[in-house]
$ cat upload-v4.cif   # mmCIF, C-alpha atoms
data_entry
loop_
_atom_site.label_atom_id
_atom_site.label_comp_id
_atom_site.auth_asym_id
_atom_site.auth_seq_id
_atom_site.Cartn_x
_atom_site.Cartn_y
_atom_site.Cartn_z
CA MET A 1 19.81 -73.15 48.30
CA ASN A 2 19.85 -73.78 44.55
CA SER A 3 21.43 -77.19 43.77
CA ALA A 4 21.34 -76.84 39.99
CA LYS A 5 24.73 -76.55 38.23
CA PHE A 6 25.89 -73.16 36.98
CA THR A 7 26.63 -74.72 33.58
CA GLU A 8 27.95 -78.02 32.19
CA LYS A 9 31.44 -79.03 31.07
CA LYS A 10 30.37 -79.54 27.46
CA TYR A 11 29.26 -75.88 27.29
CA LEU A 12 32.41 -74.27 28.76
CA VAL A 13 34.14 -73.33 25.48
CA VAL A 14 31.01 -71.84 23.95
CA PHE A 15 30.06 -70.19 27.24
CA SER A 16 33.48 -68.52 27.49
CA PHE A 17 33.22 -67.25 23.94
CA VAL A 18 29.72 -65.81 24.40
CA ILE A 19 30.87 -64.07 27.60
CA SER A 20 33.58 -62.31 25.55
CA LEU A 21 30.84 -60.82 23.34
CA PHE A 22 29.41 -58.97 26.35
CA PHE A 23 32.87 -57.49 26.91
CA PHE A 24 33.43 -56.29 23.33
CA TRP A 25 30.08 -54.62 22.69
CA ALA A 26 30.37 -52.72 25.99
CA ILE A 27 33.71 -51.27 24.84
CA ALA A 28 32.15 -50.04 21.59
CA LEU A 29 29.05 -48.66 23.33
CA THR A 30 30.88 -46.63 25.96
CA MET A 31 33.39 -45.16 23.50
CA GLY A 32 30.47 -43.18 22.04
CA ASP A 33 30.90 -40.45 24.66
CA VAL A 34 34.56 -40.04 23.70
CA LEU A 35 33.58 -39.74 20.04
CA ASN A 36 30.98 -37.10 20.94
CA LYS A 37 33.60 -34.73 22.30
CA HIS A 38 36.17 -35.49 19.59
CA PHE A 39 33.67 -34.83 16.80
CA GLN A 40 32.85 -31.47 18.39
CA ASN A 41 36.55 -30.55 18.34
CA VAL A 42 37.57 -31.90 14.94
CA LEU A 43 34.43 -31.52 12.82
CA SER A 44 33.35 -28.22 14.46
CA ILE A 45 29.84 -29.41 15.23
CA SER A 46 27.59 -28.30 18.07
CA LYS A 47 26.87 -30.34 21.20
CA SER A 48 23.29 -30.90 20.08
CA LYS A 49 24.45 -32.22 16.71
CA SER A 50 27.07 -34.45 18.30
CA GLY A 51 24.22 -35.92 20.35
CA LEU A 52 23.07 -37.58 17.12
CA VAL A 53 25.81 -40.13 17.86
CA GLN A 54 23.61 -41.59 20.61
CA LEU A 55 20.54 -41.45 18.38
CA SER A 56 22.42 -43.43 15.72
CA ILE A 57 23.41 -46.07 18.25
CA PHE A 58 20.11 -46.47 20.12
CA GLY A 59 18.15 -46.06 16.89
CA ALA A 60 19.92 -49.16 15.59
CA TYR A 61 18.87 -51.03 18.74
CA ALA A 62 15.26 -50.03 18.17
CA LEU A 63 15.27 -51.06 14.51
CA MET A 64 17.42 -54.20 14.62
CA GLY A 65 15.87 -55.99 17.58
CA ILE A 66 13.05 -57.76 15.72
CA PRO A 67 15.00 -58.68 12.54
CA ALA A 68 17.79 -60.09 14.72
CA GLY A 69 15.30 -62.17 16.69
CA LEU A 70 13.69 -63.53 13.50
CA PHE A 71 17.11 -64.38 12.08
CA MET A 72 18.11 -66.17 15.27
CA LYS A 73 14.86 -68.13 15.37
CA LYS A 74 15.32 -69.34 11.78
CA PHE A 75 19.08 -69.94 11.70
CA GLY A 76 20.03 -70.50 15.35
CA TYR A 77 22.35 -68.96 17.92
CA LYS A 78 25.64 -69.60 16.09
CA LEU A 79 24.73 -67.88 12.83
CA GLY A 80 23.06 -65.10 14.86
CA VAL A 81 26.39 -64.42 16.59
CA ILE A 82 28.27 -64.52 13.26
CA LEU A 83 25.81 -62.00 11.76
CA GLY A 84 26.22 -59.68 14.74
CA LEU A 85 30.01 -59.87 14.66
CA SER A 86 30.08 -59.29 10.90
CA LEU A 87 27.99 -56.13 11.18
CA PHE A 88 30.13 -55.02 14.15
CA ALA A 89 33.36 -55.42 12.14
CA GLY A 90 31.84 -53.85 9.04
CA GLY A 91 30.80 -50.75 10.97
CA CYS A 92 34.33 -50.44 12.40
CA PHE A 93 35.92 -50.63 8.95
CA LEU A 94 33.56 -47.92 7.64
CA PHE A 95 35.29 -45.52 10.04
CA ILE A 96 38.22 -45.49 7.59
CA PRO A 97 36.39 -43.83 4.64
CA ALA A 98 34.39 -41.69 7.10
CA ALA A 99 37.63 -40.31 8.54
CA ASN A 100 39.15 -39.83 5.08
CA ASN A 101 36.10 -37.79 4.03
CA MET A 102 35.89 -35.86 7.34
CA SER A 103 32.15 -36.58 7.22
CA PHE A 104 30.03 -36.62 10.37
CA ASP A 105 27.10 -38.15 8.46
CA PHE A 106 29.37 -40.92 7.20
CA PHE A 107 30.48 -41.57 10.79
CA ARG A 108 26.83 -41.81 11.83
CA VAL A 109 26.24 -44.44 9.13
CA ALA A 110 29.28 -46.38 10.37
CA LEU A 111 28.07 -46.13 13.97
CA PHE A 112 24.57 -47.22 12.93
CA ILE A 113 25.88 -50.37 11.22
CA LEU A 114 28.24 -51.08 14.13
CA ALA A 115 25.31 -50.68 16.55
CA MET A 116 23.19 -53.01 14.40
CA GLY A 117 25.86 -55.59 15.12
CA MET A 118 25.80 -54.81 18.85
CA ALA A 119 21.98 -55.02 18.90
CA THR A 120 22.12 -58.39 17.12
CA LEU A 121 24.69 -59.68 19.61
CA GLU A 122 22.57 -58.50 22.55
CA THR A 123 19.48 -60.16 21.09
CA VAL A 124 21.31 -63.45 20.56
CA ALA A 125 23.70 -63.55 23.52
CA HIS A 126 21.20 -63.31 26.39
CA PRO A 127 19.01 -66.30 25.42
CA PHE A 128 22.19 -68.09 24.24
CA VAL A 129 23.74 -67.79 27.73
CA ALA A 130 20.41 -68.75 29.31
CA ALA A 131 20.31 -71.91 27.16
CA LEU A 132 23.78 -73.08 28.26
CA GLY A 133 22.52 -74.91 31.33
CA ASP A 134 19.62 -75.36 33.73
CA GLU A 135 16.85 -72.74 33.75
CA ARG A 136 17.15 -72.47 37.55
CA THR A 137 20.64 -70.97 37.12
CA SER A 138 19.94 -68.96 33.96
CA ASP A 139 19.68 -65.71 35.96
CA GLN A 140 23.10 -66.40 37.49
CA ARG A 141 24.66 -67.06 34.07
CA VAL A 142 23.22 -63.90 32.52
CA ASN A 143 24.39 -61.78 35.47
CA PHE A 144 27.85 -63.40 35.32
CA ALA A 145 28.11 -62.65 31.59
CA GLN A 146 26.96 -59.08 32.22
CA SER A 147 29.81 -58.69 34.70
CA PHE A 148 32.19 -58.75 31.73
CA ASN A 149 29.96 -56.19 30.06
CA GLY A 150 30.75 -54.01 33.07
CA LEU A 151 34.48 -54.59 32.57
CA GLY A 152 34.16 -53.50 28.95
CA ALA A 153 32.25 -50.39 30.07
CA ILE A 154 35.28 -49.40 32.18
CA ILE A 155 37.83 -50.08 29.46
CA GLY A 156 35.89 -48.39 26.61
CA PRO A 157 36.26 -44.76 27.80
CA LEU A 158 39.84 -45.37 28.95
CA LEU A 159 40.79 -46.93 25.62
CA GLY A 160 39.09 -44.19 23.62
CA GLY A 161 40.49 -41.44 25.81
CA PHE A 162 44.05 -42.74 25.59
CA PHE A 163 44.19 -43.32 21.85
CA ILE A 164 42.02 -40.37 20.76
CA PHE A 165 42.88 -37.68 23.32
CA GLY A 166 46.10 -38.98 24.86
CA ALA A 167 48.37 -39.29 21.85
CA GLY A 168 48.89 -35.70 20.82
CA GLN A 169 45.74 -35.26 18.79
CA GLU A 170 45.64 -31.49 19.01
CA ASP A 171 46.15 -31.32 15.21
CA ASN A 172 42.45 -31.87 14.65
CA SER A 173 43.15 -35.21 13.01
CA LEU A 174 40.80 -38.16 12.70
CA ASP A 175 43.71 -40.54 12.09
CA SER A 176 43.54 -41.80 15.68
CA VAL A 177 39.85 -42.65 15.33
CA LYS A 178 40.49 -44.39 12.03
CA SER A 179 43.36 -46.46 13.42
CA LEU A 180 41.56 -47.40 16.65
CA TYR A 181 38.41 -48.64 14.94
CA ALA A 182 40.38 -50.40 12.20
CA TRP A 183 42.20 -52.45 14.86
CA ILE A 184 38.93 -53.16 16.69
CA GLY A 185 37.44 -54.30 13.37
CA ILE A 186 40.37 -56.64 12.76
CA VAL A 187 40.03 -58.18 16.24
CA ILE A 188 36.28 -58.70 15.79
CA LEU A 189 36.82 -60.21 12.34
CA VAL A 190 39.36 -62.70 13.74
CA ILE A 191 36.90 -63.64 16.51
CA THR A 192 34.19 -64.15 13.88
CA ILE A 193 36.38 -66.56 11.93
CA ILE A 194 37.35 -68.49 15.07
CA PHE A 195 33.74 -68.84 16.19
CA PHE A 196 32.78 -70.13 12.76
CA PHE A 197 34.89 -73.23 13.49
CA ILE A 198 33.70 -73.72 17.08
CA LYS A 199 31.23 -76.55 17.47
CA VAL A 200 28.12 -75.51 19.38
CA PRO A 201 26.57 -78.44 21.29
CA SER A 202 22.93 -79.25 20.66
CA LEU A 203 20.93 -76.87 22.82
CA LYS A 204 17.49 -77.21 24.29
CA ASP A 205 16.13 -73.87 25.35
CA PRO A 206 15.56 -74.21 29.11
CA HIS A 207 12.75 -71.66 28.99
CA ALA A 208 10.77 -74.05 26.81
CA GLU A 209 10.97 -76.85 29.34
CA GLU A 210 8.68 -77.48 32.26
CA ILE A 211 11.15 -76.95 35.12
CA GLU A 212 10.05 -76.08 38.60
CA MET A 213 12.14 -72.89 38.82
CA LEU A 214 9.42 -70.69 40.31
CA GLU A 215 8.38 -73.33 42.78
CA HIS A 216 11.96 -73.52 44.08
CA ALA A 217 12.03 -69.73 44.47
CA THR A 218 8.54 -69.11 45.88
CA GLY A 219 7.04 -72.43 46.96
CA GLU A 220 4.04 -71.74 44.74
CA ASP A 221 2.58 -73.56 41.76
CA HIS A 222 2.20 -71.38 38.68
CA HIS A 223 1.74 -74.02 35.99
CA HIS A 224 -1.95 -73.29 35.67
CA ASP A 225 -1.21 -69.59 35.07
CA SER A 226 1.29 -70.00 32.25
CA ASP A 227 0.70 -71.16 28.67
CA PRO A 228 3.94 -71.07 26.61
CA ASN A 229 1.90 -71.51 23.43
CA ALA A 230 0.01 -68.23 23.91
CA PRO A 231 1.11 -65.18 21.86
CA LEU A 232 3.62 -62.79 23.41
CA TRP A 233 1.12 -60.00 23.89
CA LYS A 234 -0.78 -62.29 26.26
CA GLN A 235 2.30 -63.12 28.35
CA ARG A 236 1.89 -60.64 31.20
CA HIS A 237 5.33 -61.11 32.75
CA PHE A 238 6.99 -60.50 29.37
CA ILE A 239 4.99 -57.31 28.66
CA PHE A 240 5.90 -55.89 32.06
CA ALA A 241 9.53 -56.96 31.59
CA VAL A 242 9.71 -54.87 28.40
CA VAL A 243 8.19 -51.89 30.26
CA ALA A 244 10.56 -52.38 33.20
CA GLN A 245 13.55 -52.67 30.86
CA PHE A 246 12.63 -49.45 29.05
CA PHE A 247 12.52 -47.54 32.34
CA ASN A 248 15.66 -49.29 33.62
CA ILE A 249 17.72 -48.13 30.63
CA ALA A 250 16.05 -44.73 30.88
CA ALA A 251 17.24 -44.35 34.48
CA GLN A 252 20.67 -45.71 33.61
CA GLY A 253 21.06 -43.36 30.65
CA GLY A 254 20.11 -40.31 32.72
CA THR A 255 22.39 -41.35 35.58
CA TRP A 256 25.39 -41.65 33.27
CA ALA A 257 24.59 -38.55 31.19
CA PHE A 258 24.79 -36.13 34.12
CA PHE A 259 27.37 -37.81 36.36
CA ILE A 260 30.22 -35.52 35.27
CA ASN A 261 27.94 -32.47 35.45
CA TYR A 262 27.18 -33.36 39.07
CA GLY A 263 30.88 -33.73 39.89
CA VAL A 264 31.76 -30.39 38.31
CA GLU A 265 28.79 -28.33 39.53
CA LYS A 266 28.23 -29.81 42.97
CA MET A 267 31.67 -31.09 43.97
CA HIS A 268 33.69 -28.45 42.06
CA LEU A 269 35.88 -31.12 40.47
CA GLN A 270 37.79 -30.74 37.24
CA GLU A 271 36.18 -32.57 34.31
CA THR A 272 39.07 -35.02 34.18
CA GLN A 273 38.69 -35.75 37.91
CA ALA A 274 34.95 -36.26 37.51
CA SER A 275 35.57 -38.67 34.61
CA TYR A 276 37.88 -40.75 36.82
CA TYR A 277 35.13 -41.02 39.41
CA PHE A 278 32.77 -42.02 36.59
CA SER A 279 35.15 -44.87 35.73
CA LEU A 280 35.05 -45.85 39.40
CA SER A 281 31.25 -45.96 39.27
CA MET A 282 31.46 -48.27 36.23
CA ALA A 283 33.77 -50.51 38.27
CA MET A 284 31.05 -50.61 40.93
CA MET A 285 28.66 -51.92 38.28
CA MET A 286 31.03 -54.76 37.42
CA ILE A 287 31.46 -55.61 41.11
CA GLY A 288 27.69 -55.49 41.60
CA ARG A 289 27.14 -58.08 38.89
CA PHE A 290 29.61 -60.53 40.42
CA VAL A 291 28.01 -59.95 43.84
CA GLY A 292 24.54 -60.34 42.34
CA THR A 293 25.52 -63.63 40.69
CA PHE A 294 26.66 -64.95 44.08
CA LEU A 295 23.61 -63.69 46.01
CA MET A 296 21.21 -65.36 43.56
CA LYS A 297 22.34 -68.70 44.97
CA TYR A 298 20.50 -67.73 48.15
CA ILE A 299 17.99 -65.02 47.17
CA ALA A 300 15.34 -65.39 44.44
CA PRO A 301 16.27 -63.16 41.46
CA ASN A 302 13.06 -61.11 41.60
CA LYS A 303 13.56 -60.41 45.31
CA LEU A 304 17.18 -59.36 44.80
CA LEU A 305 16.03 -57.08 41.98
CA ALA A 306 13.49 -55.45 44.31
CA ILE A 307 16.08 -54.98 47.09
CA PHE A 308 18.67 -53.41 44.79
CA THR A 309 16.06 -51.14 43.21
CA ALA A 310 14.84 -49.96 46.63
CA CYS A 311 18.46 -49.12 47.51
CA ASN A 312 18.69 -46.88 44.45
CA ILE A 313 15.52 -45.01 45.42
CA VAL A 314 17.16 -44.15 48.74
CA LEU A 315 20.41 -43.16 47.02
CA CYS A 316 18.57 -40.89 44.55
CA LEU A 317 16.89 -39.09 47.46
CA ILE A 318 20.33 -38.51 49.05
CA ILE A 319 21.86 -37.38 45.74
CA SER A 320 19.08 -34.86 45.17
CA GLN A 321 19.78 -33.10 48.48
CA SER A 322 23.37 -32.05 47.62
CA PHE A 323 24.94 -33.32 50.84
CA GLY A 324 28.48 -32.94 49.48
CA TRP A 325 30.57 -36.11 49.49
CA VAL A 326 27.74 -38.14 51.00
CA SER A 327 25.61 -37.38 47.95
CA PHE A 328 28.49 -37.87 45.51
CA ILE A 329 29.41 -41.25 46.98
CA SER A 330 25.73 -42.17 46.68
CA LEU A 331 25.92 -41.23 43.00
CA ILE A 332 28.94 -43.51 42.55
CA MET A 333 27.07 -46.32 44.33
CA LEU A 334 24.03 -46.10 42.02
CA ASN A 335 25.82 -48.31 39.49
CA LEU A 336 26.47 -50.99 42.12
CA PHE A 337 22.72 -51.50 42.47
CA LEU A 338 21.92 -50.79 38.81
CA SER A 339 24.16 -53.74 38.00
CA VAL A 340 21.66 -56.60 38.31
CA MET A 341 18.69 -54.80 36.80
CA TYR A 342 19.25 -55.25 33.07
CA PRO A 343 20.23 -58.94 33.07
CA THR A 344 17.69 -59.94 35.73
CA ILE A 345 14.76 -58.18 34.05
CA PHE A 346 15.88 -59.74 30.76
CA SER A 347 16.04 -63.25 32.19
CA LEU A 348 12.77 -63.01 34.15
CA GLY A 349 10.99 -61.72 31.05
CA LEU A 350 12.00 -64.83 29.07
CA LYS A 351 10.62 -67.40 31.53
CA ARG A 352 8.23 -70.00 30.15
CA LEU A 353 7.88 -68.52 26.69
CA GLY A 354 8.58 -71.77 24.88
CA ASN A 355 9.69 -71.27 21.28
CA LYS A 356 9.00 -67.51 21.50
CA VAL A 357 12.16 -66.79 23.48
CA GLN A 358 14.08 -65.44 20.47
CA GLN A 359 11.25 -63.10 19.48
CA ALA A 360 10.82 -61.95 23.07
CA SER A 361 14.56 -61.25 23.32
CA SER A 362 14.20 -58.89 20.36
CA PHE A 363 11.67 -56.71 22.16
CA LEU A 364 13.73 -56.65 25.35
CA VAL A 365 16.71 -55.36 23.36
CA MET A 366 14.53 -52.75 21.64
CA ALA A 367 13.53 -51.50 25.08
CA MET A 368 17.03 -50.03 25.34
CA PHE A 369 15.64 -47.10 23.35
CA GLY A 370 14.68 -45.72 26.76
CA GLY A 371 18.31 -44.61 27.00
CA ALA A 372 17.71 -42.12 24.20
CA VAL A 373 14.34 -40.85 25.47
CA PHE A 374 14.82 -40.14 29.17
CA PRO A 375 18.10 -38.14 29.44
CA PRO A 376 16.75 -35.04 27.62
CA ILE A 377 13.90 -34.86 30.15
CA MET A 378 16.39 -35.04 33.02
CA GLY A 379 18.44 -32.43 31.21
CA LYS A 380 15.63 -29.90 31.44
CA ILE A 381 15.66 -30.21 35.23
CA ALA A 382 19.46 -30.31 35.33
CA GLU A 383 19.59 -26.88 33.70
CA THR A 384 18.14 -25.52 36.95
CA ASP A 385 19.70 -27.94 39.44
CA VAL A 386 21.51 -31.12 38.41
CA ALA A 387 20.94 -32.65 41.86
CA HIS A 388 17.16 -32.32 41.56
CA ALA A 389 17.31 -34.14 38.21
CA TYR A 390 18.12 -37.32 40.13
CA LEU A 391 14.63 -37.34 41.62
CA LEU A 392 13.29 -38.31 38.20
CA PRO A 393 14.81 -41.83 38.04
CA ILE A 394 12.80 -42.69 41.17
CA ILE A 395 9.76 -42.97 38.89
CA CYS A 396 11.63 -45.58 36.86
CA TYR A 397 12.67 -47.50 39.95
CA VAL A 398 9.12 -47.65 41.30
CA ILE A 399 7.97 -49.26 38.05
CA ILE A 400 10.83 -51.80 38.27
CA ILE A 401 9.91 -52.69 41.87
CA VAL A 402 6.29 -53.28 40.86
CA PHE A 403 7.51 -55.67 38.16
CA ALA A 404 9.91 -57.43 40.56
CA LEU A 405 7.33 -57.99 43.29
CA LYS A 406 4.08 -58.53 41.38
CA PHE A 407 4.41 -59.01 37.63
CA TYR A 408 7.55 -61.15 37.30
CA LYS A 409 5.58 -64.41 37.60
CA PRO A 410 4.87 -66.15 34.28
CA LYS A 411 1.19 -65.64 33.65
CA THR A 412 -0.87 -65.83 30.49
CA LEU A 413 -3.71 -63.37 30.09
CA LYS A 414 -7.04 -64.89 29.16
#
$ encode --input "upload-v4.cif" --output "structure tokens"
Amino acid sequence: MNSAKFTEKKYLVVFSFVISLFFFWAIALTMGDVLNKHFQNVLSISKSKSGLVQLSIFGAYALMGIPAGLFMKKFGYKLGVILGLSLFAGGCFLFIPAANNMSFDFFRVALFILAMGMATLETVAHPFVAALGDERTSDQRVNFAQSFNGLGAIIGPLLGGFFIFGAGQEDNSLDSVKSLYAWIGIVILVITIIFFFIKVPSLKDPHAEEIEMLEHATGEDHHHDSDPNAPLWKQRHFIFAVVAQFFNIAAQGGTWAFFINYGVEKMHLQETQASYYFSLSMAMMMIGRFVGTFLMKYIAPNKLLAIFTACNIVLCLIISQSFGWVSFISLIMLNLFLSVMYPTIFSLGLKRLGNKVQQASSFLVMAMFGGAVFPPIMGKIAETDVAHAYLLPIICYVIIIVFALKFYKPKTLK
């Protein structure tokens, strides 16, 4: 059993604040699907063109990861958070002129800047949370923080759906979008100002310290394998973490993209009914992260990652066979086991990287671009049979299992 503290009393205020960041960027990220449909209705654009919303968002993740990491390394966690929140709020406020001009391209610029803020927050927040305590409990802290990301993922579509579709917006107006994002921008701006006055205790990055985390988990000695002073491209566990993260977000993106299609085509549900079940699946992700945080007290993070990933391989096989409610419930349950993958891969990839943690975090955030690459490939299969499309994520899960069982250990290539 792990005897290290979850965090320390002096970190509680900062820890609580950073956790709230996970909640807010999840709301903004998941409202993208609501905007997709609304833009189709109001701006009379095609589905393929509305898909550029996702490209704008994930493109910002791909481009902002490294600059955000460099900024954080030079100026620290606090100013990194303030930069991310400022870009977030700025992107929200740009929705006002975009709506006034009825311009889809202007909206894409606003979304891109907003997503630059989210990417910056993701780059900063994960190592920030990891640094707020002992390295042996860093995986637990990241998973706990990601639990609130799951809560935001549930609220985002509900919030967007209520204010954009649920308030009599049949007049093809963008006023609801303008008002919603203006209020979000105001809230984020207030949070930015408050955080500016919060004192952040002196932090020592736990990943830079020589702590016997792996020995506690595996009973093995890996000191001779790991050199924190070596360049990132020689850190094998980090390279494979980036690969695993790319395929994790790829599988996640495909799973979410065709959930409603599966409900409509295979279960003959109405789109609104299918969307409610999708919200339920997002709730399963939140539950999974709380459960994962608890289980990591007793099960090594890499082993729990492997177990959860193996469960999803089985579920994908069941989903692909169109067994009615058995398959649909399996689809809902995918998010329960997807829950620990992103934060655990992220945390394992940062182990023993010394002062390169911030730079490494940048690349792990950039790996989210997998969410823009994989869904179109699944879509080609889904055009024939949406159930068979769920065989494709198995490839992603196999790669994650290989990382979890073999390549998670900090090791420097000679």
$ residues_around --input "upload-v4.cif" --residues "Gly150 in chain A" --least-positions-apart "4" --cutoff "9 Å" --atoms "only C-alpha atoms" --output "PyMOL selection string"
chain A and resi 22-23+26+146+154-155+282-287+289+339
$ resolve_selection --input "upload-v4.cif" --expression "the PyMOL selection byres ((chain A and resi 387) around 8)" --output "count of residues only"
13
$ residues_near_point --input "upload-v4.cif" --point "(-7.9, -68.8, 24.9)" --cutoff "10 Å" --atoms "all atoms listed in the file" --output "number ranges by chain"
A: 227, 230, 234, 412-414
$ resolve_selection --input "upload-v4.cif" --expression "the PyMOL selection byres ((chain A and resi 125-131) around 10)" --output "PDB file with C-alpha atoms, in the coordinates of the input"
ATOM      1  CA  THR A   7      26.630 -74.720  33.580  1.00  0.00           C
ATOM      2  CA  TYR A  11      29.260 -75.880  27.290  1.00  0.00           C
ATOM      3  CA  VAL A  14      31.010 -71.840  23.950  1.00  0.00           C
ATOM      4  CA  PHE A  15      30.060 -70.190  27.240  1.00  0.00           C
ATOM      5  CA  SER A  16      33.480 -68.520  27.490  1.00  0.00           C
ATOM      6  CA  VAL A  18      29.720 -65.810  24.400  1.00  0.00           C
ATOM      7  CA  ILE A  19      30.870 -64.070  27.600  1.00  0.00           C
ATOM      8  CA  LEU A  21      30.840 -60.820  23.340  1.00  0.00           C
ATOM      9  CA  PHE A  22      29.410 -58.970  26.350  1.00  0.00           C
ATOM     10  CA  GLY A  76      20.030 -70.500  15.350  1.00  0.00           C
ATOM     11  CA  TYR A  77      22.350 -68.960  17.920  1.00  0.00           C
ATOM     12  CA  LYS A  78      25.640 -69.600  16.090  1.00  0.00           C
ATOM     13  CA  GLY A  80      23.060 -65.100  14.860  1.00  0.00           C
ATOM     14  CA  VAL A  81      26.390 -64.420  16.590  1.00  0.00           C
ATOM     15  CA  GLY A  84      26.220 -59.680  14.740  1.00  0.00           C
ATOM     16  CA  ALA A 119      21.980 -55.020  18.900  1.00  0.00           C
ATOM     17  CA  THR A 120      22.120 -58.390  17.120  1.00  0.00           C
ATOM     18  CA  LEU A 121      24.690 -59.680  19.610  1.00  0.00           C
ATOM     19  CA  GLU A 122      22.570 -58.500  22.550  1.00  0.00           C
ATOM     20  CA  THR A 123      19.480 -60.160  21.090  1.00  0.00           C
ATOM     21  CA  VAL A 124      21.310 -63.450  20.560  1.00  0.00           C
ATOM     22  CA  LEU A 132      23.780 -73.080  28.260  1.00  0.00           C
ATOM     23  CA  GLY A 133      22.520 -74.910  31.330  1.00  0.00           C
ATOM     24  CA  ASP A 134      19.620 -75.360  33.730  1.00  0.00           C
ATOM     25  CA  GLU A 135      16.850 -72.740  33.750  1.00  0.00           C
ATOM     26  CA  ARG A 136      17.150 -72.470  37.550  1.00  0.00           C
ATOM     27  CA  THR A 137      20.640 -70.970  37.120  1.00  0.00           C
ATOM     28  CA  SER A 138      19.940 -68.960  33.960  1.00  0.00           C
ATOM     29  CA  ASP A 139      19.680 -65.710  35.960  1.00  0.00           C
ATOM     30  CA  GLN A 140      23.100 -66.400  37.490  1.00  0.00           C
ATOM     31  CA  ARG A 141      24.660 -67.060  34.070  1.00  0.00           C
ATOM     32  CA  VAL A 142      23.220 -63.900  32.520  1.00  0.00           C
ATOM     33  CA  ASN A 143      24.390 -61.780  35.470  1.00  0.00           C
ATOM     34  CA  PHE A 144      27.850 -63.400  35.320  1.00  0.00           C
ATOM     35  CA  ALA A 145      28.110 -62.650  31.590  1.00  0.00           C
ATOM     36  CA  GLN A 146      26.960 -59.080  32.220  1.00  0.00           C
ATOM     37  CA  LEU A 203      20.930 -76.870  22.820  1.00  0.00           C
ATOM     38  CA  LYS A 204      17.490 -77.210  24.290  1.00  0.00           C
ATOM     39  CA  ASP A 205      16.130 -73.870  25.350  1.00  0.00           C
ATOM     40  CA  PRO A 206      15.560 -74.210  29.110  1.00  0.00           C
ATOM     41  CA  HIS A 207      12.750 -71.660  28.990  1.00  0.00           C
ATOM     42  CA  ALA A 208      10.770 -74.050  26.810  1.00  0.00           C
ATOM     43  CA  PRO A 343      20.230 -58.940  33.070  1.00  0.00           C
ATOM     44  CA  PHE A 346      15.880 -59.740  30.760  1.00  0.00           C
ATOM     45  CA  SER A 347      16.040 -63.250  32.190  1.00  0.00           C
ATOM     46  CA  LEU A 350      12.000 -64.830  29.070  1.00  0.00           C
ATOM     47  CA  VAL A 357      12.160 -66.790  23.480  1.00  0.00           C
ATOM     48  CA  GLN A 358      14.080 -65.440  20.470  1.00  0.00           C
ATOM     49  CA  ALA A 360      10.820 -61.950  23.070  1.00  0.00           C
ATOM     50  CA  SER A 361      14.560 -61.250  23.320  1.00  0.00           C
ATOM     51  CA  VAL A 365      16.710 -55.360  23.360  1.00  0.00           C
TER      52      VAL A 365
END
$ residues_near_point --input "upload-v4.cif" --point "(15.9, -48.7, 32.2)" --cutoff "10 Å" --atoms "only C-alpha atoms" --output "list of chain:residue names"
A:Val242, A:Val243, A:Ala244, A:Gln245, A:Phe246, A:Phe247, A:Asn248, A:Ile249, A:Ala250, A:Ala251, A:Gln252, A:Gly253, A:Gly254, A:Leu338, A:Met341, A:Tyr342, A:Ile345, A:Ala367, A:Met368, A:Phe369, A:Gly370, A:Gly371, A:Phe374, A:Pro393, A:Cys396, A:Tyr397, A:Ile399, A:Ile400
$ closest_residue --input "upload-v4.cif" --among "A:Phe196, A:Phe240, A:Phe104, A:Phe75" --to "Phe407 in chain A" --atoms "only C-alpha atoms"
A:Phe240
$ resolve_selection --input "upload-v4.cif" --expression "the PyMOL selection byres ((chain A and resi 91-94) around 6)" --output "list in words"
Phe88, Ala89, Gly90, Phe95, Ile96, Pro97, Ala110, Ile113, Leu114, Tyr181, Ala182 and Gly185 of chain A
$ closest_residue --input "upload-v4.cif" --among "A:Ala306, A:Leu348, A:Met366, A:Leu392" --to "Gly65 in chain A" --atoms "all atoms listed in the file"
A:Met366
$ closest_residue --input "upload-v4.cif" --among "A:Gly69, A:Phe323, A:Gly152, A:Phe328" --to "Val264 in chain A" --atoms "all atoms listed in the file"
A:Phe328
$ closest_residue --input "upload-v4.cif" --among "A:Ile395, A:Ile381, A:Leu55, A:Met296" --to "Leu317 in chain A" --atoms "only C-alpha atoms"
A:Ile395
$ atom_distance --input "upload-v4.cif" --atom1 "CA of Gly324 in chain A" --atom2 "CA of Val291 in chain A"
27.6 Å
$ residues_around --input "upload-v4.cif" --residues "Leu305 in chain A" --least-positions-apart "6" --cutoff "8 Å" --atoms "all atoms listed in the file" --output "list of chain:residue names"
A:Val340, A:Met341, A:Thr344, A:Ile401, A:Ala404
$ residues_around --input "upload-v4.cif" --residues "Leu315 in chain A" --least-positions-apart "6" --cutoff "8 Å" --atoms "all atoms listed in the file" --output "VMD selection string"
chain A and resid 327 330 to 331 333 to 334
$ closest_residue --input "upload-v4.cif" --among "A:Gly160, A:Ala241, A:Met102, A:Leu29" --to "Val42 in chain A" --atoms "all atoms listed in the file"
A:Met102
$ atom_distance --input "upload-v4.cif" --atom1 "CA of Pro410 in chain A" --atom2 "CA of Ser226 in chain A"
5.6 Å
$ closest_residue --input "upload-v4.cif" --among "A:Ser147, A:Gln235, A:Ser275, A:Thr192" --to "Ala257 in chain A" --atoms "all atoms listed in the file"
A:Ser275
$ atom_distance --input "upload-v4.cif" --atom1 "CA of Ser86 in chain A" --atom2 "CA of Val177 in chain A"
19.8 Å
